[in-house]
$ cat input36.csv   # CSV, C-alpha atoms and all ligand atoms
chain,number,residue,atom,x,y,z
K,18,MET,CA,99.7,29.1,90.2
K,19,SER,CA,102.5,30.7,88.2
K,20,PHE,CA,106.0,30.3,89.5
K,21,THR,CA,106.1,34.1,89.5
K,22,GLN,CA,104.5,35.4,92.7
K,23,ALA,CA,104.0,38.9,94.1
K,24,PRO,CA,105.8,39.4,97.4
K,25,GLU,CA,103.6,40.1,100.5
K,26,LYS,CA,103.1,43.7,101.5
K,27,PRO,CA,102.7,44.9,105.1
K,28,ALA,CA,99.1,44.0,106.1
K,29,ARG,CA,97.0,47.1,106.6
K,30,LEU,CA,93.3,47.6,106.9
K,31,ASN,CA,92.5,50.1,104.2
K,32,ARG,CA,88.7,50.1,104.0
K,33,SER,CA,88.4,53.9,104.7
K,34,GLU,CA,91.0,56.5,103.9
K,35,LEU,CA,90.2,60.0,105.0
K,36,ALA,CA,91.5,63.0,102.9
K,37,VAL,CA,92.6,65.8,105.2
K,38,PRO,CA,93.7,69.2,103.9
K,39,GLY,CA,97.1,70.0,105.4
K,40,SER,CA,96.3,73.7,105.4
K,41,ASN,CA,93.7,73.3,108.1
K,42,PRO,CA,95.2,72.5,111.6
K,43,ARG,CA,91.7,71.9,113.1
K,44,PHE,CA,91.0,69.2,110.5
K,45,LEU,CA,94.4,67.6,111.2
K,46,GLU,CA,93.5,67.5,114.9
K,47,LYS,CA,90.1,66.0,114.2
K,48,ALA,CA,91.6,63.4,111.9
K,49,ALA,CA,94.1,62.3,114.5
K,50,ALA,CA,91.3,61.9,117.1
K,51,ASN,CA,89.1,59.8,114.8
K,52,ASN,CA,89.6,56.2,115.8
K,53,ASP,CA,87.1,54.8,113.3
K,54,VAL,CA,89.1,55.5,110.2
K,55,ASP,CA,91.6,52.9,108.9
K,56,ALA,CA,93.9,55.4,107.2
K,57,VAL,CA,94.3,59.1,106.7
K,58,PHE,CA,96.2,61.1,104.1
K,59,LEU,CA,97.3,64.5,105.0
K,60,ASP,CA,97.1,66.5,101.8
K,61,LEU,CA,99.8,68.9,100.5
K,62,GLU,CA,98.5,68.6,96.9
K,63,ASP,CA,95.1,69.5,95.4
K,64,ALA,CA,93.2,70.5,98.5
K,65,VAL,CA,95.8,73.2,99.3
K,66,ALA,CA,96.0,76.5,97.4
K,67,ILE,CA,99.3,77.5,95.9
K,68,GLU,CA,99.7,80.4,98.4
K,69,ALA,CA,99.2,77.9,101.3
K,70,LYS,CA,101.7,75.2,100.2
K,71,GLU,CA,104.5,76.1,102.6
K,72,GLU,CA,102.2,76.7,105.6
K,73,ALA,CA,100.4,73.3,104.9
K,74,ARG,CA,103.8,71.5,104.8
K,75,LYS,CA,104.7,73.1,108.2
K,76,ASN,CA,101.3,72.2,109.7
K,77,VAL,CA,101.6,68.6,108.5
K,78,ILE,CA,105.1,68.1,109.9
K,79,GLU,CA,104.1,69.6,113.2
K,80,ALA,CA,100.9,67.5,113.4
K,81,LEU,CA,102.9,64.3,112.7
K,82,GLY,CA,105.3,65.1,115.5
K,83,ASP,CA,102.8,66.5,118.1
K,84,LEU,CA,99.5,64.7,117.7
K,85,ASP,CA,98.5,61.2,118.8
K,86,TRP,CA,97.5,59.3,115.7
K,87,GLY,CA,96.4,56.1,117.5
K,88,GLU,CA,96.5,52.9,115.5
K,89,LYS,CA,95.6,54.2,112.1
K,90,THR,CA,97.8,54.3,109.0
K,91,VAL,CA,99.2,57.8,108.4
K,92,SER,CA,100.1,59.0,104.9
K,93,VAL,CA,101.0,62.3,103.3
K,94,ARG,CA,100.0,63.2,99.8
K,95,ILE,CA,102.9,65.1,98.3
K,96,ASN,CA,102.8,67.4,95.3
K,97,GLY,CA,103.4,66.0,91.8
K,98,LEU,CA,106.8,65.5,90.3
K,99,ASP,CA,106.1,68.2,87.8
K,100,THR,CA,105.7,70.9,90.5
K,101,PRO,CA,108.3,73.0,92.3
K,102,TYR,CA,107.0,71.8,95.7
K,103,MET,CA,107.6,68.0,95.6
K,104,TYR,CA,111.3,67.8,96.5
K,105,ARG,CA,110.8,70.1,99.6
K,106,ASP,CA,107.7,68.1,100.6
K,107,VAL,CA,109.8,64.9,100.7
K,108,VAL,CA,113.0,66.4,102.1
K,109,ASP,CA,111.3,68.4,104.9
K,110,LEU,CA,108.9,65.6,105.8
K,111,LEU,CA,111.6,63.0,106.1
K,112,GLU,CA,114.2,65.1,107.7
K,113,ALA,CA,111.8,66.1,110.5
K,114,ARG,CA,110.6,64.3,113.6
K,115,THR,CA,108.0,62.3,111.6
K,116,ASP,CA,108.6,58.7,112.7
K,117,ARG,CA,104.8,58.2,112.9
K,118,LEU,CA,104.6,58.5,109.1
K,119,ASP,CA,103.8,55.2,107.4
K,120,LEU,CA,103.3,56.1,103.7
K,121,ILE,CA,103.8,58.7,101.1
K,122,MET,CA,101.0,59.1,98.6
K,123,ILE,CA,102.2,60.1,95.1
K,124,PRO,CA,99.7,61.8,92.8
K,125,LYS,CA,99.5,61.7,89.1
K,126,VAL,CA,102.1,59.0,88.7
K,127,GLY,CA,102.8,58.7,85.0
K,128,THR,CA,105.7,56.2,84.6
K,129,ALA,CA,107.7,53.7,86.5
K,130,SER,CA,110.6,56.2,86.5
K,131,ASP,CA,108.5,58.6,88.6
K,132,ILE,CA,108.5,55.9,91.3
K,133,TYR,CA,112.2,55.2,90.8
K,134,ALA,CA,113.1,58.9,91.3
K,135,LEU,CA,111.0,59.1,94.5
K,136,ASP,CA,112.5,55.8,95.8
K,137,MET,CA,116.0,57.1,95.2
K,138,LEU,CA,115.3,60.3,97.1
K,139,VAL,CA,113.4,58.7,100.0
K,140,THR,CA,116.1,56.0,100.3
K,141,GLN,CA,118.9,58.6,100.5
K,142,ILE,CA,117.1,60.6,103.2
K,143,GLU,CA,116.1,57.6,105.2
K,144,THR,CA,119.7,56.4,105.2
K,145,ALA,CA,121.2,59.8,106.0
K,146,MET,CA,118.8,60.4,108.8
K,147,GLY,CA,119.0,56.9,110.2
K,148,ARG,CA,115.2,56.4,110.0
K,149,LYS,CA,114.2,53.0,111.2
K,150,LYS,CA,110.8,52.6,109.5
K,151,ARG,CA,110.8,52.1,105.8
K,152,ILE,CA,108.3,54.5,104.2
K,153,GLY,CA,105.8,52.8,101.8
K,154,PHE,CA,104.3,54.3,98.7
K,155,GLU,CA,100.6,54.6,97.6
K,156,MET,CA,100.2,55.8,94.1
K,157,ILE,CA,97.3,57.6,92.5
K,158,ILE,CA,96.5,56.5,88.9
K,159,GLU,CA,94.7,59.5,87.6
K,160,THR,CA,96.1,60.4,84.2
K,161,ALA,CA,95.9,58.7,80.8
K,162,ILE,CA,99.7,58.1,80.8
K,163,GLY,CA,99.5,56.6,84.3
K,164,MET,CA,96.7,54.2,83.2
K,165,MET,CA,98.7,53.3,80.1
K,166,ASN,CA,101.8,52.4,82.3
K,167,ILE,CA,99.9,51.0,85.2
K,168,ASP,CA,101.6,47.6,85.2
K,169,THR,CA,105.2,48.9,85.3
K,170,ILE,CA,104.2,51.6,87.8
K,171,ALA,CA,102.7,48.9,90.1
K,172,GLY,CA,106.0,46.8,90.0
K,173,ALA,CA,108.4,49.8,90.1
K,174,SER,CA,109.5,49.6,93.8
K,175,PRO,CA,109.3,47.2,96.8
K,176,ARG,CA,108.0,50.3,98.7
K,177,ASN,CA,104.8,50.1,96.7
K,178,GLU,CA,101.7,49.2,98.7
K,179,SER,CA,98.6,50.4,97.0
K,180,LEU,CA,97.1,51.8,93.8
K,181,HIS,CA,94.3,54.5,94.0
K,182,PHE,CA,91.9,55.6,91.3
K,183,GLY,CA,91.7,59.4,91.2
K,184,VAL,CA,88.5,59.8,89.2
K,185,ALA,CA,88.5,63.6,89.0
K,186,ASP,CA,91.9,64.1,87.5
K,187,TYR,CA,91.4,61.0,85.4
K,188,ALA,CA,88.3,62.6,83.9
K,189,ALA,CA,90.2,65.8,83.2
K,190,SER,CA,93.2,63.9,81.7
K,191,THR,CA,91.0,61.7,79.4
K,192,LYS,CA,88.7,64.7,78.6
K,193,ALA,CA,85.7,62.7,79.8
K,194,ASP,CA,82.3,64.5,79.6
K,195,THR,CA,81.8,65.2,83.3
K,196,THR,CA,82.7,67.9,85.9
K,197,GLN,CA,81.6,65.7,88.9
K,198,ILE,CA,84.0,63.9,91.2
K,199,GLY,CA,82.9,60.3,90.6
K,200,GLY,CA,79.4,59.0,90.1
K,201,PRO,CA,77.5,58.2,86.9
K,202,ASN,CA,76.7,60.3,83.9
K,203,PRO,CA,73.2,59.9,82.4
K,204,ARG,CA,74.6,60.3,78.9
K,205,TYR,CA,76.7,57.1,79.4
K,206,SER,CA,73.7,54.9,78.9
K,207,VAL,CA,71.9,52.7,76.4
K,208,LEU,CA,68.4,52.6,75.2
K,209,THR,CA,66.9,49.1,75.3
K,210,ASP,CA,65.0,47.6,72.4
K,211,PRO,CA,61.3,48.0,72.6
K,212,ASP,CA,59.5,45.3,74.7
K,213,ALA,CA,56.2,43.6,73.7
K,214,ASP,CA,54.4,46.8,74.5
K,215,GLY,CA,56.8,49.0,72.6
K,216,ARG,CA,58.3,50.4,75.9
K,217,ARG,CA,62.0,51.3,75.9
K,218,GLU,CA,64.2,52.0,78.9
K,219,VAL,CA,67.3,54.0,79.5
K,220,HIS,CA,70.0,51.9,81.3
K,221,TRP,CA,72.7,53.9,82.9
K,222,ASN,CA,76.1,52.4,82.8
K,223,ASP,CA,79.2,52.8,84.9
K,224,MET,CA,81.6,55.0,82.9
K,225,TRP,CA,84.5,54.2,85.4
K,226,HIS,CA,84.2,50.4,85.1
K,227,TYR,CA,87.2,49.9,82.8
K,228,ALA,CA,89.5,52.1,84.9
K,229,ILE,CA,88.7,50.5,88.2
K,230,ASN,CA,88.9,47.0,86.9
K,231,ARG,CA,92.2,47.7,85.1
K,232,MET,CA,93.6,49.1,88.4
K,233,VAL,CA,92.4,46.1,90.4
K,234,VAL,CA,94.1,43.7,88.0
K,235,ALA,CA,97.4,45.6,88.0
K,236,ALA,CA,97.3,46.0,91.8
K,237,ARG,CA,96.5,42.3,92.5
K,238,ALA,CA,99.1,41.1,90.0
K,239,HIS,CA,101.8,43.0,92.0
K,240,GLY,CA,100.4,42.2,95.5
K,241,LEU,CA,99.2,45.8,96.0
K,242,ARG,CA,95.9,47.0,97.6
K,243,PRO,CA,93.5,48.5,95.0
K,244,ILE,CA,91.6,51.5,96.5
K,245,ASP,CA,88.8,53.5,94.9
K,246,GLY,CA,89.2,57.2,95.2
K,247,PRO,CA,86.8,60.1,95.9
K,248,PHE,CA,83.0,60.5,95.6
K,249,GLY,CA,82.5,64.2,95.8
K,250,ASP,CA,78.8,64.5,96.7
K,251,PHE,CA,79.2,64.0,100.5
K,252,SER,CA,75.5,64.8,101.0
K,253,ASP,CA,74.5,61.7,99.0
K,254,PRO,CA,75.1,58.6,101.1
K,255,ASP,CA,73.0,56.4,98.8
K,256,GLY,CA,75.1,57.4,95.8
K,257,PHE,CA,78.2,56.8,97.8
K,258,THR,CA,77.0,53.4,98.8
K,259,PHE,CA,76.3,52.3,95.2
K,260,HIS,CA,79.6,53.7,94.0
K,261,ALA,CA,81.6,52.0,96.8
K,262,ASN,CA,79.8,48.7,96.4
K,263,ARG,CA,80.6,48.3,92.7
K,264,ALA,CA,84.3,49.0,93.4
K,265,MET,CA,84.2,46.5,96.3
K,266,VAL,CA,82.6,43.8,94.1
K,267,LEU,CA,85.4,44.2,91.5
K,268,GLY,CA,88.0,43.6,94.2
K,269,CYS,CA,88.9,47.0,95.7
K,270,GLU,CA,89.8,46.9,99.3
K,271,GLY,CA,88.6,50.3,100.3
K,272,LYS,CA,87.7,53.8,99.3
K,273,TRP,CA,88.5,57.4,100.1
K,274,ALA,CA,86.3,59.4,102.4
K,275,ILE,CA,86.4,63.0,101.5
K,276,HIS,CA,84.1,63.8,104.5
K,277,PRO,CA,84.1,62.1,107.9
K,278,SER,CA,80.4,61.0,107.3
K,279,GLN,CA,81.7,58.6,104.5
K,280,ILE,CA,84.0,56.7,107.0
K,281,PRO,CA,81.4,54.4,108.6
K,282,LEU,CA,80.0,53.7,105.1
K,283,CYS,CA,83.4,52.6,103.9
K,284,ASN,CA,84.1,50.4,106.9
K,285,LYS,CA,80.7,48.7,106.5
K,286,LEU,CA,80.8,48.3,102.7
K,287,PHE,CA,84.3,46.9,102.6
K,288,SER,CA,83.8,44.4,105.3
K,289,PRO,CA,82.0,41.1,104.3
K,290,SER,CA,78.5,40.8,105.7
K,291,ASN,CA,77.4,38.1,108.1
K,292,ASP,CA,75.5,36.4,105.2
K,293,GLU,CA,78.6,36.4,103.0
K,294,MET,CA,80.6,34.9,105.9
K,295,LYS,CA,78.1,32.2,106.6
K,296,LYS,CA,78.3,31.3,102.9
K,297,ALA,CA,82.1,31.2,102.9
K,298,TYR,CA,82.1,28.9,105.9
K,299,ALA,CA,79.5,26.6,104.3
K,300,ILE,CA,81.7,26.4,101.2
K,301,LEU,CA,84.8,25.5,103.4
K,302,ASP,CA,82.8,22.8,105.3
K,303,ALA,CA,81.3,21.3,102.1
K,304,MET,CA,84.7,21.2,100.4
K,305,ALA,CA,86.3,19.6,103.6
K,306,ALA,CA,83.6,16.9,103.4
K,307,ALA,CA,84.2,16.4,99.7
K,308,ARG,CA,87.9,16.1,100.2
K,309,ALA,CA,87.4,13.5,102.9
K,310,LYS,CA,85.6,11.5,100.2
K,311,GLY,CA,88.4,12.0,97.7
K,312,GLN,CA,86.4,14.5,95.7
K,313,GLY,CA,87.7,17.8,94.3
K,314,ALA,CA,84.2,19.3,93.6
K,315,ALA,CA,80.8,19.2,95.4
K,316,ALA,CA,77.3,20.7,95.2
K,317,LEU,CA,76.2,23.3,97.7
K,318,ASP,CA,72.6,24.6,97.5
K,319,GLY,CA,72.3,23.1,94.0
K,320,LYS,CA,75.5,24.9,92.7
K,321,LEU,CA,78.9,23.6,91.8
K,322,ILE,CA,81.8,24.4,94.1
K,323,ASP,CA,85.4,23.3,93.6
K,324,LEU,CA,89.0,24.1,94.7
K,325,ALA,CA,88.7,27.6,93.4
K,326,SER,CA,85.7,28.1,95.7
K,327,ILE,CA,88.0,27.4,98.6
K,328,ARG,CA,90.3,30.2,97.6
K,329,GLN,CA,87.3,32.6,97.2
K,330,ALA,CA,85.9,31.6,100.6
K,331,GLU,CA,89.4,31.9,102.2
K,332,THR,CA,89.8,35.4,100.7
K,333,MET,CA,86.4,36.4,102.2
K,334,VAL,CA,87.3,35.0,105.6
K,335,ALA,CA,90.7,36.8,105.6
K,336,LYS,CA,88.8,40.1,104.8
K,337,PHE,CA,86.4,39.4,107.7
K,338,GLU,CA,89.2,38.7,110.1
K,339,ALA,CA,91.3,41.7,109.0
K,340,GLY,CA,88.2,43.9,109.8
K,341,GLY,CA,88.1,42.6,113.4
K,342,GLY,CA,85.2,40.2,112.6
O,401,LIG,C1,92.0,62.5,93.2
O,401,LIG,O1,93.0,62.9,93.5
O,401,LIG,C2,91.2,62.7,92.1
O,401,LIG,O2,91.8,63.4,91.2
O,401,LIG,O3,90.1,62.2,91.9
O,402,MG,MG,93.8,64.1,91.8
$ encode --input "input36.csv" --output "structure tokens"
Amino acid sequence: MSFTQAPEKPARLNRSELAVPGSNPRFLEKAAANNDVDAVFLDLEDAVAIEAKEEARKNVIEALGDLDWGEKTVSVRINGLDTPYMYRDVVDLLEARTDRLDLIMIPKVGTASDIYALDMLVTQIETAMGRKKRIGFEMIIETAIGMMNIDTIAGASPRNESLHFGVADYAASTKADTTQIGGPNPRYSVLTDPDADGRREVHWNDMWHYAINRMVVAARAHGLRPIDGPFGDFSDPDGFTFHANRAMVLGCEGKWAIHPSQIPLCNKLFSPSNDEMKKAYAILDAMAAARAKGQGAAALDGKLIDLASIRQAETMVAKFEAGGG
């Protein structure tokens, strides 16, 4: 291990994170009453029309004070730093009776200075108001400049807890050839060479692979949770499952649900399965036996395992236990 280590962040289950438009009080009530979801973010940004910004802010502040949010993590997505709404979002939110608030979600983060500015504002209000709980930050990486500066953004404040991949805005910012919110594009594919019978196949590729992997690396290097963002087609659970699975395999800890039907899918897909758990425990047992014989490596089911396998298995067990397994 390097002598440079990322400090531990507050442990939070973040398999499912439900997006809730702040402009709709009925959705806010339903979100508070949902005890399956790990986290919710109450949206003041892109799900709220310009004309409804002030009303949404008022609804969200009232909902934070009045509703019972249970055990879940509660976040508010504020407007971007380039809008005239952001400062009031933060000031009104933190000067009100909103002790239940855990996190602020910052959209379209572009540079580490964006986080510095927010940290300064939040710190001043927290101190002036005598707020006891320190608010954490979750940051959406969804622009070309944000992706370019992702490492310094991730390390910009001790408040930082997670990075999120905002696929829709990222597509717009990078001028990618799609108008969908997430999912594949048939044109991002390759044609295989002909086989013995001259047959060729089209293989679709994952056009978001680089972005998600890049975010996972930056997040993990700074001890943050990497979270995959939205999958817009809420009537396609199979598409959602594939989309979530490949983010999970790369190391993401959870994914947004833009519809309540996606919550149980997230919770299942981002919890290790019983088979994975059995395998993790078998690795730990085999390595304990190897260590007792003074060996640093062993064979399990005809495959090499070593000290790194212990770390992989322990990571799996920690995920399982965090999910109540
Ligand atoms: C989320 O905010 C996105 O732009 O995908
Ligand atoms: Mg966005």
$ residues_near_ligand --input "input36.csv" --ligand "ligand MG 402 (chain O)" --cutoff "8 Å" --atoms "all atoms listed in the file" --output "number ranges by chain"
K: 63, 124-125, 157, 159, 183-187
$ closest_residue --input "input36.csv" --among "K:Ile121, K:Ala64, K:Ala56, K:Ile142" --to "ligand LIG 401 (chain O)" --atoms "all atoms listed in the file"
K:Ala64
$ closest_residue --input "input36.csv" --among "K:Asp60, K:Asp302, K:Glu178, K:Glu71" --to "ligand LIG 401 (chain O)" --atoms "all atoms listed in the file"
K:Asp60
$ residues_near_ligand --input "input36.csv" --ligand "ligand LIG 401 (chain O)" --cutoff "12 Å" --atoms "only C-alpha atoms and all ligand atoms" --output "PyMOL selection string"
chain K and resi 36+58+60-64+94-97+122-126+155-160+180-191+196-200+225+244-249+272-275
$ atom_distance --input "input36.csv" --atom1 "CA of Arg74 in chain K" --atom2 "CA of Gly127 in chain K"
23.6 Å
$ closest_residue --input "input36.csv" --among "K:Leu98, K:Met265, K:Ala228, K:Gly240" --to "Ala161 in chain K" --atoms "all atoms listed in the file"
K:Ala228
$ atom_distance --input "input36.csv" --atom1 "CA of Val334 in chain K" --atom2 "CA of Ser33 in chain K"
19.0 Å
$ residues_around --input "input36.csv" --residues "range 25-28 of chain K" --least-positions-apart "3" --cutoff "10 Å" --atoms "only C-alpha atoms" --output "PDB file with C-alpha atoms, in the coordinates of the input"
ATOM      1  CA  GLN K  22     104.500  35.400  92.700  1.00  0.00           C
ATOM      2  CA  ASN K  31      92.500  50.100 104.200  1.00  0.00           C
ATOM      3  CA  GLY K 153     105.800  52.800 101.800  1.00  0.00           C
ATOM      4  CA  PRO K 175     109.300  47.200  96.800  1.00  0.00           C
ATOM      5  CA  ARG K 176     108.000  50.300  98.700  1.00  0.00           C
ATOM      6  CA  ASN K 177     104.800  50.100  96.700  1.00  0.00           C
ATOM      7  CA  GLU K 178     101.700  49.200  98.700  1.00  0.00           C
ATOM      8  CA  SER K 179      98.600  50.400  97.000  1.00  0.00           C
ATOM      9  CA  HIS K 239     101.800  43.000  92.000  1.00  0.00           C
ATOM     10  CA  GLY K 240     100.400  42.200  95.500  1.00  0.00           C
ATOM     11  CA  LEU K 241      99.200  45.800  96.000  1.00  0.00           C
ATOM     12  CA  ARG K 242      95.900  47.000  97.600  1.00  0.00           C
ATOM     13  CA  ALA K 339      91.300  41.700 109.000  1.00  0.00           C
TER      14      ALA K 339
END
$ residues_around --input "input36.csv" --residues "Ser206 in chain K" --least-positions-apart "5" --cutoff "9 Å" --atoms "only C-alpha atoms" --output "number ranges by chain"
K: 219-224
$ write_last_selection --input "input36.csv" --atoms "C-alpha atoms" --output "CSV table (one decimal), in the coordinates of the input"
chain,number,residue,atom,x,y,z
K,219,VAL,CA,67.3,54.0,79.5
K,220,HIS,CA,70.0,51.9,81.3
K,221,TRP,CA,72.7,53.9,82.9
K,222,ASN,CA,76.1,52.4,82.8
K,223,ASP,CA,79.2,52.8,84.9
K,224,MET,CA,81.6,55.0,82.9
$ residues_around --input "input36.csv" --residues "range 41-46 of chain K" --least-positions-apart "4" --cutoff "8 Å" --atoms "all atoms listed in the file" --output "MDAnalysis selection string"
chainID K and resid 37 50 59 73 76:77 80 84
$ build_atoms --input "input36.csv" --residues "range 312-334 of chain K" --atoms "N, CA and C atoms" --output "PDB file, in the frame of the given file"
ATOM      1  N   GLN K 312      86.957  13.738  96.775  1.00  0.00           N
ATOM      2  CA  GLN K 312      86.400  14.500  95.700  1.00  0.00           C
ATOM      3  C   GLN K 312      86.933  15.929  95.632  1.00  0.00           C
ATOM      4  N   GLY K 313      87.148  16.447  94.405  1.00  0.00           N
ATOM      5  CA  GLY K 313      87.700  17.800  94.300  1.00  0.00           C
ATOM      6  C   GLY K 313      86.559  18.825  94.048  1.00  0.00           C
ATOM      7  N   ALA K 314      85.327  18.357  93.841  1.00  0.00           N
ATOM      8  CA  ALA K 314      84.200  19.300  93.600  1.00  0.00           C
ATOM      9  C   ALA K 314      82.999  18.743  94.375  1.00  0.00           C
ATOM     10  N   ALA K 315      82.045  19.641  94.629  1.00  0.00           N
ATOM     11  CA  ALA K 315      80.800  19.200  95.400  1.00  0.00           C
ATOM     12  C   ALA K 315      79.691  20.123  94.935  1.00  0.00           C
ATOM     13  N   ALA K 316      78.504  19.810  95.451  1.00  0.00           N
ATOM     14  CA  ALA K 316      77.300  20.700  95.200  1.00  0.00           C
ATOM     15  C   ALA K 316      76.939  21.319  96.516  1.00  0.00           C
ATOM     16  N   LEU K 317      76.651  22.623  96.470  1.00  0.00           N
ATOM     17  CA  LEU K 317      76.200  23.300  97.700  1.00  0.00           C
ATOM     18  C   LEU K 317      74.957  24.143  97.227  1.00  0.00           C
ATOM     19  N   ASP K 318      73.816  23.901  97.830  1.00  0.00           N
ATOM     20  CA  ASP K 318      72.600  24.600  97.500  1.00  0.00           C
ATOM     21  C   ASP K 318      72.322  24.515  95.952  1.00  0.00           C
ATOM     22  N   GLY K 319      72.603  23.336  95.381  1.00  0.00           N
ATOM     23  CA  GLY K 319      72.300  23.100  94.000  1.00  0.00           C
ATOM     24  C   GLY K 319      73.315  23.798  93.026  1.00  0.00           C
ATOM     25  N   LYS K 320      74.475  24.252  93.595  1.00  0.00           N
ATOM     26  CA  LYS K 320      75.500  24.900  92.700  1.00  0.00           C
ATOM     27  C   LYS K 320      76.812  24.212  92.873  1.00  0.00           C
ATOM     28  N   LEU K 321      77.564  24.216  91.764  1.00  0.00           N
ATOM     29  CA  LEU K 321      78.900  23.600  91.800  1.00  0.00           C
ATOM     30  C   LEU K 321      79.868  24.433  92.620  1.00  0.00           C
ATOM     31  N   ILE K 322      80.651  23.749  93.463  1.00  0.00           N
ATOM     32  CA  ILE K 322      81.800  24.400  94.100  1.00  0.00           C
ATOM     33  C   ILE K 322      83.014  23.516  93.893  1.00  0.00           C
ATOM     34  N   ASP K 323      84.200  24.123  93.789  1.00  0.00           N
ATOM     35  CA  ASP K 323      85.400  23.300  93.600  1.00  0.00           C
ATOM     36  C   ASP K 323      86.581  23.957  94.344  1.00  0.00           C
ATOM     37  N   LEU K 324      87.801  23.576  93.974  1.00  0.00           N
ATOM     38  CA  LEU K 324      89.000  24.100  94.700  1.00  0.00           C
ATOM     39  C   LEU K 324      89.096  25.595  94.633  1.00  0.00           C
ATOM     40  N   ALA K 325      88.675  26.168  93.497  1.00  0.00           N
ATOM     41  CA  ALA K 325      88.700  27.600  93.400  1.00  0.00           C
ATOM     42  C   ALA K 325      87.749  28.270  94.383  1.00  0.00           C
ATOM     43  N   SER K 326      86.653  27.570  94.681  1.00  0.00           N
ATOM     44  CA  SER K 326      85.700  28.100  95.700  1.00  0.00           C
ATOM     45  C   SER K 326      86.354  28.213  97.029  1.00  0.00           C
ATOM     46  N   ILE K 327      87.251  27.280  97.329  1.00  0.00           N
ATOM     47  CA  ILE K 327      88.000  27.400  98.600  1.00  0.00           C
ATOM     48  C   ILE K 327      88.769  28.646  98.674  1.00  0.00           C
ATOM     49  N   ARG K 328      89.474  28.951  97.563  1.00  0.00           N
ATOM     50  CA  ARG K 328      90.300  30.200  97.600  1.00  0.00           C
ATOM     51  C   ARG K 328      89.399  31.426  97.706  1.00  0.00           C
ATOM     52  N   GLN K 329      88.240  31.419  97.032  1.00  0.00           N
ATOM     53  CA  GLN K 329      87.300  32.600  97.200  1.00  0.00           C
ATOM     54  C   GLN K 329      86.836  32.698  98.609  1.00  0.00           C
ATOM     55  N   ALA K 330      86.468  31.557  99.195  1.00  0.00           N
ATOM     56  CA  ALA K 330      85.900  31.600 100.600  1.00  0.00           C
ATOM     57  C   ALA K 330      87.037  32.020 101.540  1.00  0.00           C
ATOM     58  N   GLU K 331      88.263  31.533 101.317  1.00  0.00           N
ATOM     59  CA  GLU K 331      89.400  31.900 102.200  1.00  0.00           C
ATOM     60  C   GLU K 331      89.662  33.421 102.120  1.00  0.00           C
ATOM     61  N   THR K 332      89.562  33.968 100.901  1.00  0.00           N
ATOM     62  CA  THR K 332      89.800  35.400 100.700  1.00  0.00           C
ATOM     63  C   THR K 332      88.725  36.185 101.532  1.00  0.00           C
ATOM     64  N   MET K 333      87.480  35.708 101.494  1.00  0.00           N
ATOM     65  CA  MET K 333      86.400  36.400 102.200  1.00  0.00           C
ATOM     66  C   MET K 333      86.647  36.297 103.738  1.00  0.00           C
ATOM     67  N   VAL K 334      87.077  35.122 104.211  1.00  0.00           N
ATOM     68  CA  VAL K 334      87.300  35.000 105.600  1.00  0.00           C
ATOM     69  C   VAL K 334      88.497  35.869 106.068  1.00  0.00           C
TER      70      VAL K 334
END
